[in-house]
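Read the structure below first, then the notes.
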Amino acid sequence: MGNKSFDARTPSLRWTSISDFAEITPKHKKPEKSLIEPLKRSGGRNSHGRMTSRRRGGGHKKNYRIIDFRRDKRGIAGKVISIEYDPNRTARIALIEYADKEKRYILAPVGLTVGATITSGPGFEALLGNAMPLKDMPLGIQVHNVELEEGRGGKMARSAGSYATLMAKEGEFAHLRLPSGEVRLVRSVCYATVGQVGNIDHENLSLGKAGRHRWMGRRPASRAVAKNPVDHPMGGGEGKSSGGRHPTSRSGQLAKGLKTRRKKKHSSKYIVTGRPR
């Protein structure tokens with residue numbers, strides 16, 4: 001597992017780096033048919049055809065892989081058949097076949113290999129890939145795909161290289177240190193999966209050229225100061241201007257230093273230590 005760079009045969013290859021896909025199972029180049037569904041692309045338009053999210057559009061055609069974030073197949077052992085690439089996320093996914101022949105995709109943690117056995121449910125050992133309530137895990141363990149509400153499926157620590165650390169248990173809550181540095185209370189009956197999400201080197205990738213952005217469905221972005229006043233608060237000015245005011249978004253939201261979290265948000269009571277700013 002690592003990244004691969006190229007000789008500078010062309011200007012774009014000079015800066016391009018891609019994953020070496022060393023962990024991908026060679027025989028499984030196509031996804032499991034029963035676990036894919038069409039992925040509709042909106043181009044940033046809503047149901048009325050109006051653009052509500054700019055800089056979206058194009059991109060390579062792809063199908064969505066149905067991922068088991070709930071890990072609700074309890075008490076049945078599953079075997080890892082393959083580790084696969086997922087174009088919809090930064091992490092790799094693992095295809096699991098259970099004893100009753102049902103197949104599911106899960107997020108592939110670091111170190112999970114083909115042939116490994118995983119389980120889900122209380123009372124099992126906290127081994128790599130196993131899912132269980134936080135109350136059954138030892139302190140200091142790294143987990144991912146953490147639920148915020150029991151039975152609703154994992155919501156936190158799901159991207160490549162992410163993990164949360166179980167710091168303490170107190171009453172009905174567990175203390176988790178999240179990737180952002182925030183320490184948060186999560187109910188100890190909520191499920192999490194043991195291990196760190198795989199594809200750690202994703203953060204070191206370099207796209208190398210604008211066309212690779214377009215393959216991902218990202219359209220070009222113009223600088224705010226290059227626009228006209230009618231299009232952006234920082235637009236206009238004689239000659240080359242740097243905006244002449246505090247940086248803002250297109251809607252006027254201050255871009256630097258302003259805390260945007262609602263002061264009376266209901267989940268604030270679960271935050272023990274806020275993320276460093």
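Numbering starts fresh at 1 for the residues of each chain in the structure tokens, the chains themselves are lettered A, B, ... in the order given, and ligands are numbered from 1 as they appear.
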
List the neighbours of Asp7 of chain A out to 12 Å using only C-alpha atoms; skip same-chain residues closer than 5 positions along the sequence, and give me the result as number ranges by chain.
-> A: 12-17

When you draw a straight line from atom CA of Leu128 of chain A to atom CA of Val114 of chain A, how long is it in Å?
->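 Spanning atom CA of Leu128 of chain A to atom CA of Val114 of chain A is a straight-line distance of 12.8 Å.
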
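If only C-alpha atoms are the atoms counted, then among A:Tyr270, A:Tyr191, A:Phe173, A:Phe6 the closest residue to Met156 of chain A is A:Tyr191.
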
Test item: residues at most 12 Å from segment 236-249 of chain A, only C-alpha atoms, excluding those fewer than 3 positions along its chain, as a ChimeraX atom specification = /A:223-233,252-258

Strand (DSSP E or B) residues, from DSSP on the backbone, in segment 8-256 of chain A, as a ChimeraX atom specification = /A:17-19,36-38,45,51,56,63-65,67,78-84,93-98,103-107,109,117-118,120,131-133,142-144,146-147,154-156,164-170,173-177,183-187,191-194,197,206,218,248,254

Determine the nearest neighbour of Leu35 of chain A from the options A:Lys264, A:Thr273, A:Tyr64, A:Glu125, counting only C-alpha atoms.
->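 Closest residue, counting only C-alpha atoms: A:Tyr64.
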